[in-house]
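Shown here: input-v4.pdb, PDB, C-alpha atoms.
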ATOM      1  CA  MET A   1    -135.073  75.397 -17.995
ATOM      2  CA  LYS A   2    -133.357  75.226 -21.383
ATOM      3  CA  LYS A   3    -130.440  72.861 -21.926
ATOM      4  CA  ILE A   4    -127.015  74.166 -22.908
ATOM      5  CA  SER A   5    -123.601  72.821 -23.870
ATOM      6  CA  ILE A   6    -120.770  73.348 -21.391
ATOM      7  CA  ALA A   7    -117.135  73.264 -22.542
ATOM      8  CA  ILE A   8    -114.409  73.005 -19.901
ATOM      9  CA  ASP A   9    -110.762  73.392 -20.863
ATOM     10  CA  GLY A  10    -107.686  73.806 -18.736
ATOM     11  CA  THR A  11    -104.326  72.650 -17.561
ATOM     12  CA  SER A  12    -103.354  69.132 -16.532
ATOM     13  CA  SER A  13    -104.549  68.031 -13.070
ATOM     14  CA  SER A  14    -106.563  71.205 -12.531
ATOM     15  CA  GLY A  15    -109.580  69.112 -11.540
ATOM     16  CA  LYS A  16    -111.490  69.462 -14.812
ATOM     17  CA  SER A  17    -112.848  65.932 -14.866
ATOM     18  CA  SER A  18    -114.145  65.881 -11.282
ATOM     19  CA  PHE A  19    -115.655  69.337 -11.752
ATOM     20  CA  ALA A  20    -117.277  68.473 -15.079
ATOM     21  CA  ARG A  21    -118.616  65.175 -13.735
ATOM     22  CA  LYS A  22    -120.282  66.921 -10.791
ATOM     23  CA  ILE A  23    -121.849  69.555 -13.047
ATOM     24  CA  ALA A  24    -123.251  66.874 -15.345
ATOM     25  CA  ALA A  25    -124.666  64.898 -12.405
ATOM     26  CA  ARG A  26    -126.234  68.014 -10.900
ATOM     27  CA  LEU A  27    -127.906  68.987 -14.188
ATOM     28  CA  GLY A  28    -128.689  65.483 -15.458
ATOM     29  CA  TYR A  29    -126.441  66.122 -18.457
ATOM     30  CA  ARG A  30    -124.186  63.686 -20.298
ATOM     31  CA  TYR A  31    -120.530  63.920 -19.259
ATOM     32  CA  ILE A  32    -117.748  63.298 -21.777
ATOM     33  CA  ASP A  33    -114.117  63.084 -20.575
ATOM     34  CA  THR A  34    -112.183  63.779 -23.774
ATOM     35  CA  GLY A  35    -108.860  63.473 -21.958
ATOM     36  CA  ALA A  36    -109.768  59.856 -21.215
ATOM     37  CA  MET A  37    -110.218  59.292 -24.942
ATOM     38  CA  TYR A  38    -106.659  60.473 -25.663
ATOM     39  CA  ARG A  39    -105.411  58.341 -22.806
ATOM     40  CA  ALA A  40    -107.223  55.340 -24.290
ATOM     41  CA  VAL A  41    -105.491  55.839 -27.635
ATOM     42  CA  THR A  42    -102.175  56.096 -25.748
ATOM     43  CA  LEU A  43    -102.928  52.859 -23.912
ATOM     44  CA  TYR A  44    -103.745  51.153 -27.213
ATOM     45  CA  ALA A  45    -100.534  52.490 -28.777
ATOM     46  CA  ARG A  46     -98.477  51.283 -25.831
ATOM     47  CA  ARG A  47    -100.027  47.826 -25.783
ATOM     48  CA  ASN A  48     -99.653  47.325 -29.518
ATOM     49  CA  GLY A  49     -96.071  48.451 -29.982
ATOM     50  CA  PHE A  50     -96.693  51.839 -31.574
ATOM     51  CA  ILE A  51     -94.692  53.501 -28.774
ATOM     52  CA  HIS A  52     -91.133  52.238 -29.025
ATOM     53  CA  THR A  53     -88.690  51.642 -26.165
ATOM     54  CA  ASP A  54     -86.867  54.877 -27.056
ATOM     55  CA  SER A  55     -90.222  56.730 -26.678
ATOM     56  CA  THR A  56     -90.567  57.404 -30.415
ATOM     57  CA  LEU A  57     -93.974  56.890 -32.024
ATOM     58  CA  ASP A  58     -94.992  54.839 -35.025
ATOM     59  CA  ALA A  59     -97.502  57.441 -36.191
ATOM     60  CA  ASP A  60     -98.264  55.721 -39.497
ATOM     61  CA  GLY A  61     -98.925  52.378 -37.831
ATOM     62  CA  LEU A  62    -101.182  53.928 -35.211
ATOM     63  CA  SER A  63    -103.018  56.015 -37.798
ATOM     64  CA  ALA A  64    -103.898  52.881 -39.753
ATOM     65  CA  GLN A  65    -105.566  51.399 -36.654
ATOM     66  CA  LEU A  66    -107.537  54.412 -35.434
ATOM     67  CA  GLY A  67    -110.606  53.572 -37.492
ATOM     68  CA  SER A  68    -110.938  50.244 -35.667
ATOM     69  CA  LEU A  69    -111.083  51.802 -32.196
ATOM     70  CA  ARG A  70    -114.500  51.932 -30.546
ATOM     71  CA  MET A  71    -114.992  54.097 -27.482
ATOM     72  CA  ASP A  72    -118.094  54.149 -25.325
ATOM     73  CA  PHE A  73    -118.908  55.903 -22.052
ATOM     74  CA  LEU A  74    -121.058  53.402 -20.176
ATOM     75  CA  PRO A  75    -122.399  53.380 -16.595
ATOM     76  CA  ASN A  76    -120.505  51.351 -14.025
ATOM     77  CA  ARG A  77    -123.022  49.968 -11.524
ATOM     78  CA  GLU A  78    -120.400  49.727  -8.779
ATOM     79  CA  THR A  79    -119.104  53.315  -9.031
ATOM     80  CA  GLY A  80    -122.258  54.975 -10.354
ATOM     81  CA  ARG A  81    -120.147  56.733 -12.979
ATOM     82  CA  ASN A  82    -119.957  56.645 -16.734
ATOM     83  CA  GLU A  83    -116.613  55.028 -17.514
ATOM     84  CA  LEU A  84    -114.652  54.623 -20.714
ATOM     85  CA  TYR A  85    -114.701  51.333 -22.583
ATOM     86  CA  LEU A  86    -112.174  50.740 -25.355
ATOM     87  CA  ASN A  87    -113.279  48.035 -27.782
ATOM     88  CA  GLY A  88    -115.514  46.609 -25.062
ATOM     89  CA  GLU A  89    -112.929  46.708 -22.234
ATOM     90  CA  ASN A  90    -113.304  49.012 -19.241
ATOM     91  CA  VAL A  91    -109.992  50.919 -19.264
ATOM     92  CA  GLU A  92    -110.887  53.618 -16.715
ATOM     93  CA  GLN A  93    -108.156  52.520 -14.294
ATOM     94  CA  SER A  94    -105.531  51.483 -16.840
ATOM     95  CA  ILE A  95    -105.461  54.903 -18.507
ATOM     96  CA  ARG A  96    -104.705  56.779 -15.249
ATOM     97  CA  SER A  97    -101.215  55.392 -14.609
ATOM     98  CA  MET A  98     -98.000  57.444 -14.586
ATOM     99  CA  GLU A  99     -96.829  55.457 -17.619
ATOM    100  CA  ILE A 100     -99.768  56.732 -19.667
ATOM    101  CA  ASN A 101     -99.179  60.247 -18.274
ATOM    102  CA  GLU A 102     -95.672  60.086 -19.683
ATOM    103  CA  TYR A 103     -96.769  59.419 -23.265
ATOM    104  CA  VAL A 104    -100.228  60.980 -23.649
ATOM    105  CA  SER A 105     -99.014  64.454 -24.682
ATOM    106  CA  ALA A 106     -96.931  63.024 -27.534
ATOM    107  CA  VAL A 107     -99.778  60.814 -28.759
ATOM    108  CA  SER A 108    -102.359  63.595 -28.502
ATOM    109  CA  GLN A 109    -100.172  65.867 -30.644
ATOM    110  CA  LEU A 110    -100.435  63.524 -33.634
ATOM    111  CA  PRO A 111    -102.736  65.170 -36.221
ATOM    112  CA  CYS A 112    -104.285  61.812 -37.133
ATOM    113  CA  VAL A 113    -105.255  61.177 -33.502
ATOM    114  CA  ARG A 114    -106.700  64.645 -32.954
ATOM    115  CA  GLU A 115    -108.681  64.569 -36.202
ATOM    116  CA  GLN A 116    -110.227  61.197 -35.363
ATOM    117  CA  LEU A 117    -111.130  62.066 -31.786
ATOM    118  CA  VAL A 118    -112.381  65.581 -32.544
ATOM    119  CA  ARG A 119    -114.689  64.050 -35.126
ATOM    120  CA  MET A 120    -116.016  61.603 -32.529
ATOM    121  CA  GLN A 121    -116.365  64.328 -29.886
ATOM    122  CA  ARG A 122    -118.258  66.697 -32.177
ATOM    123  CA  GLN A 123    -120.695  63.939 -33.022
ATOM    124  CA  ILE A 124    -121.270  63.228 -29.322
ATOM    125  CA  GLY A 125    -121.636  66.901 -28.471
ATOM    126  CA  SER A 126    -123.971  67.803 -31.330
ATOM    127  CA  ALA A 127    -126.972  67.621 -28.957
ATOM    128  CA  LYS A 128    -127.485  69.982 -26.016
ATOM    129  CA  GLY A 129    -127.327  68.821 -22.422
ATOM    130  CA  VAL A 130    -123.656  67.816 -22.493
ATOM    131  CA  VAL A 131    -120.631  68.692 -20.353
ATOM    132  CA  MET A 132    -117.328  68.064 -22.107
ATOM    133  CA  ASP A 133    -113.840  68.687 -20.763
ATOM    134  CA  GLY A 134    -110.408  68.590 -22.331
ATOM    135  CA  ARG A 135    -107.784  70.877 -23.871
ATOM    136  CA  ASP A 136    -109.495  72.305 -26.973
ATOM    137  CA  ILE A 137    -113.228  71.953 -26.325
ATOM    138  CA  GLY A 138    -114.138  75.635 -26.336
ATOM    139  CA  THR A 139    -111.781  76.491 -29.194
ATOM    140  CA  VAL A 140    -112.098  73.502 -31.548
ATOM    141  CA  VAL A 141    -114.611  70.820 -30.537
ATOM    142  CA  LEU A 142    -117.576  72.872 -29.272
ATOM    143  CA  PRO A 143    -116.873  76.503 -30.197
ATOM    144  CA  GLN A 144    -120.644  77.104 -30.121
ATOM    145  CA  ALA A 145    -120.996  76.054 -26.454
ATOM    146  CA  GLU A 146    -123.069  78.506 -24.430
ATOM    147  CA  LEU A 147    -120.796  78.242 -21.375
ATOM    148  CA  LYS A 148    -117.018  77.951 -21.720
ATOM    149  CA  ILE A 149    -114.746  77.642 -18.695
ATOM    150  CA  PHE A 150    -110.953  77.664 -18.577
ATOM    151  CA  MET A 151    -109.675  75.953 -15.416
ATOM    152  CA  THR A 152    -106.219  76.233 -13.956
ATOM    153  CA  ALA A 153    -104.266  76.186 -10.690
ATOM    154  CA  ASP A 154    -100.678  76.683  -9.585
ATOM    155  CA  PRO A 155     -98.411  73.823 -10.769
ATOM    156  CA  GLU A 156     -97.422  72.965  -7.197
ATOM    157  CA  VAL A 157    -101.080  72.688  -6.167
ATOM    158  CA  ARG A 158    -101.855  70.455  -9.132
ATOM    159  CA  ALA A 159     -98.846  68.242  -8.425
ATOM    160  CA  MET A 160     -99.909  67.703  -4.819
ATOM    161  CA  ARG A 161    -103.449  66.787  -5.894
ATOM    162  CA  ARG A 162    -102.120  64.276  -8.403
ATOM    163  CA  TYR A 163     -99.650  62.893  -5.846
ATOM    164  CA  LYS A 164    -102.415  62.220  -3.316
ATOM    165  CA  GLU A 165    -104.647  60.667  -5.980
ATOM    166  CA  LEU A 166    -101.960  58.206  -7.062
ATOM    167  CA  LEU A 167    -101.009  57.349  -3.474
ATOM    168  CA  GLU A 168    -104.636  56.468  -2.763
ATOM    169  CA  LYS A 169    -104.480  54.051  -5.693
ATOM    170  CA  GLY A 170    -101.438  52.367  -4.163
ATOM    171  CA  GLU A 171     -98.888  53.618  -6.691
ATOM    172  CA  LYS A 172     -95.341  54.445  -5.606
ATOM    173  CA  VAL A 173     -94.756  58.021  -6.762
ATOM    174  CA  VAL A 174     -92.392  60.931  -6.100
ATOM    175  CA  LEU A 175     -93.881  64.411  -5.758
ATOM    176  CA  GLU A 176     -90.991  66.125  -7.568
ATOM    177  CA  GLU A 177     -91.375  63.786 -10.548
ATOM    178  CA  ILE A 178     -95.086  64.527 -10.755
ATOM    179  CA  LEU A 179     -94.417  68.283 -10.648
ATOM    180  CA  GLU A 180     -91.905  67.969 -13.478
ATOM    181  CA  ASN A 181     -94.379  65.859 -15.470
ATOM    182  CA  ILE A 182     -97.056  68.534 -15.038
ATOM    183  CA  ARG A 183     -94.699  71.301 -16.146
ATOM    184  CA  LYS A 184     -93.691  69.211 -19.153
ATOM    185  CA  ARG A 185     -97.371  68.590 -19.982
ATOM    186  CA  ASP A 186     -98.078  72.326 -19.767
ATOM    187  CA  ARG A 187     -95.226  73.110 -22.162
ATOM    188  CA  ALA A 188     -96.288  70.414 -24.608
ATOM    189  CA  ASP A 189     -99.988  71.304 -24.484
ATOM    190  CA  THR A 190     -99.491  75.050 -24.988
ATOM    191  CA  THR A 191     -96.838  74.841 -27.723
ATOM    192  CA  ARG A 192     -98.077  71.986 -29.914
ATOM    193  CA  LYS A 193     -98.881  72.902 -33.514
ATOM    194  CA  VAL A 194    -102.269  71.183 -33.641
ATOM    195  CA  SER A 195    -105.013  72.581 -31.349
ATOM    196  CA  PRO A 196    -102.761  73.968 -28.598
ATOM    197  CA  LEU A 197    -104.191  74.546 -25.148
ATOM    198  CA  LYS A 198    -105.477  78.110 -24.960
ATOM    199  CA  LYS A 199    -108.368  80.006 -23.487
ATOM    200  CA  ALA A 200    -111.263  80.723 -25.842
ATOM    201  CA  PRO A 201    -111.903  84.483 -26.139
ATOM    202  CA  ASP A 202    -115.339  84.138 -24.529
ATOM    203  CA  ALA A 203    -114.334  81.621 -21.834
ATOM    204  CA  LEU A 204    -114.509  82.376 -18.100
ATOM    205  CA  THR A 205    -111.344  81.686 -16.105
ATOM    206  CA  LEU A 206    -111.626  79.561 -12.961
ATOM    207  CA  ASP A 207    -108.388  79.488 -10.953
ATOM    208  CA  ASN A 208    -109.125  76.958  -8.232
ATOM    209  CA  SER A 209    -105.738  77.046  -6.481
ATOM    210  CA  GLN A 210    -107.427  78.176  -3.264
ATOM    211  CA  MET A 211    -110.948  76.828  -3.871
ATOM    212  CA  ASN A 212    -112.578  73.598  -2.729
ATOM    213  CA  ILE A 213    -115.084  71.738  -4.894
ATOM    214  CA  GLN A 214    -118.078  73.252  -3.061
ATOM    215  CA  GLU A 215    -116.859  76.767  -3.807
ATOM    216  CA  GLN A 216    -116.261  75.850  -7.438
ATOM    217  CA  MET A 217    -119.771  74.413  -7.751
ATOM    218  CA  ALA A 218    -121.341  77.525  -6.228
ATOM    219  CA  TRP A 219    -119.436  79.633  -8.741
ATOM    220  CA  VAL A 220    -120.512  77.613 -11.784
ATOM    221  CA  GLU A 221    -124.120  77.190 -10.675
ATOM    222  CA  GLN A 222    -124.499  80.964 -10.632
ATOM    223  CA  LYS A 223    -123.150  81.156 -14.211
ATOM    224  CA  ILE A 224    -125.473  78.349 -15.361
ATOM    225  CA  ARG A 225    -128.537  80.021 -13.832
ATOM    226  CA  GLN A 226    -127.735  83.231 -15.664
ATOM    227  CA  LEU A 227    -127.724  81.340 -18.979
ATOM    228  CA  THR A 228    -130.594  78.891 -18.520
ATOM    229  CA  GLU A 229    -133.116  81.210 -16.903
ATOM    230  CA  GLU A 230    -132.881  83.939 -19.524
TER     231      GLU A 230
END

Could you spell out this file's structure in structure tokens?
Amino acid sequence: MKKISIAIDGTSSSGKSSFARKIAARLGYRYIDTGAMYRAVTLYARRNGFIHTDSTLDADGLSAQLGSLRMDFLPNRETGRNELYLNGENVEQSIRSMEINEYVSAVSQLPCVREQLVRMQRQIGSAKGVVMDGRDIGTVVLPQAELKIFMTADPEVRAMRRYKELLEKGEKVVLEEILENIRKRDRADTTRKVSPLKKAPDALTLDNSQMNIQEQMAWVEQKIRQLTEE
């Protein structure tokens, strides 16, 4: 069975990462969570004073530091997953907070950040046998991917999923605030000047508003068989 590249794009909290991770595990492919990479840059910017108290960004200061950032996806023996390490520190949990959610769209819109991370992502994805998810994988990072999927779901469905996820982590959250954050992320992602979120012309749409993960996997496995058994 030949190996392919799989690009998964879509809206915030549509389940891209969980879906992509399961596909990679099922196929024995390498999984790359590009959204985690943007979150890691946001975490670095927040920790090092490049995001000011009035929410403005020191783009020049952050740009000067981007070349020193090292990101690795390494296996965590306890979880069995590949997790993101930033300059040697496992930041998988730190990058998932509501605080990082609040700033990640603004940081990811910076041309210097996108150029640096797209360069890293293209290098990672140059070999086949990779599943990569994000906002511009099928359109910018891996336009040559054999299978492109655009995932989405109703905003209210996505907000409830995110709400439950954060509650399980012990965070105190308000559903209405999460819904507003998701709507704000959608607006920012689809209207930004650099690599806006959009469906690639040859991508397949997967609206999982009413689908569980088993149904989603059955759907994608059929598409993969069609491509790999030709």

(request) Quick one: apply the PyMOL selection byres ((chain A and resi 102) around 12) to the file and drop the selected residues here as a ChimeraX atom specification. (result) /A:39,42-43,46,51,55,95-101,103-108,177-178,180-185,188

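Of the residues listed (A:Glu146, A:Asp202, A:Asp154, A:Glu83), A:Asp154 shows the shortest atom-to-atom separation from Thr11 in chain A; distances use only C-alpha atoms.
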
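The residues returned by the PyMOL selection byres ((chain A and resi 132-135) around 6) for this structure are Ala7, Ile8, Asp9, Gly10, Tyr31, Ile32, Asp33, Thr34, Gly35, Val131, Asp136, Ile137 and Leu197 of chain A.
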
Fewer than 6 positions away in the same chain doesn't count, so skip those; otherwise give me all residues within 9 Å of Ser195 in chain A, counting all atoms listed in the file, as a ChimeraX atom specification.
/A:109,114,135-136,139-140,189

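When all atoms listed in the file are used to measure the gap to Ala203 in chain A, the shortest distance among A:Ser68, A:Asn76, A:Gln144, A:Gln116 belongs to A:Gln144.
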
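Of the residues listed (A:Leu147, A:Leu110, A:Leu86, A:Val194), A:Leu147 shows the shortest atom-to-atom separation from Lys128 in chain A; distances use only C-alpha atoms.
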
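Distance-wise, CA of Thr205 in chain A and CA of Pro111 in chain A end up 27.4 Å apart.
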
#### Entry: Nearby residues (only C-alpha atoms) at most 10 Å from Gly129 in chain A, same-chain spacing under 4 positions excluded, as a list in words
Lys2, Lys3, Ile4, Ser5, Ile6, Ala24, Leu27, Gly28, Tyr29, Arg30, Tyr31 and Gly125 of chain A

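Going from CA of Asn208 in chain A to CA of Gly15 in chain A covers 8.5 Å.
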
- Task: Would you mind listing what lies within 6 Å of range 157-173 of chain A as an NGL selection string, with only C-alpha atoms counted and same-chain residues fewer than 4 positions away left out?
- Result: :A and (13-14 or 178-179)

Min atom-atom distance to Glu221 in chain A from the set A:Arg192, A:Ser12, A:Ile23, A:Cys112, counting all atoms listed in the file, belongs to A:Ile23

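Across the structure, CA of Leu206 in chain A and CA of Met151 in chain A are spaced 4.8 Å apart.
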
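When the PyMOL selection byres ((chain A and resi 62) around 10) is evaluated on the file shown here, the picked residues come out as Val41, Thr42, Tyr44, Ala45, Asn48, Gly49, Phe50, Ile51, Leu57, Asp58, Ala59, Asp60, Gly61, Ser63, Ala64, Gln65, Leu66, Gly67, Val107, Leu110, Cys112 and Val113 of chain A.
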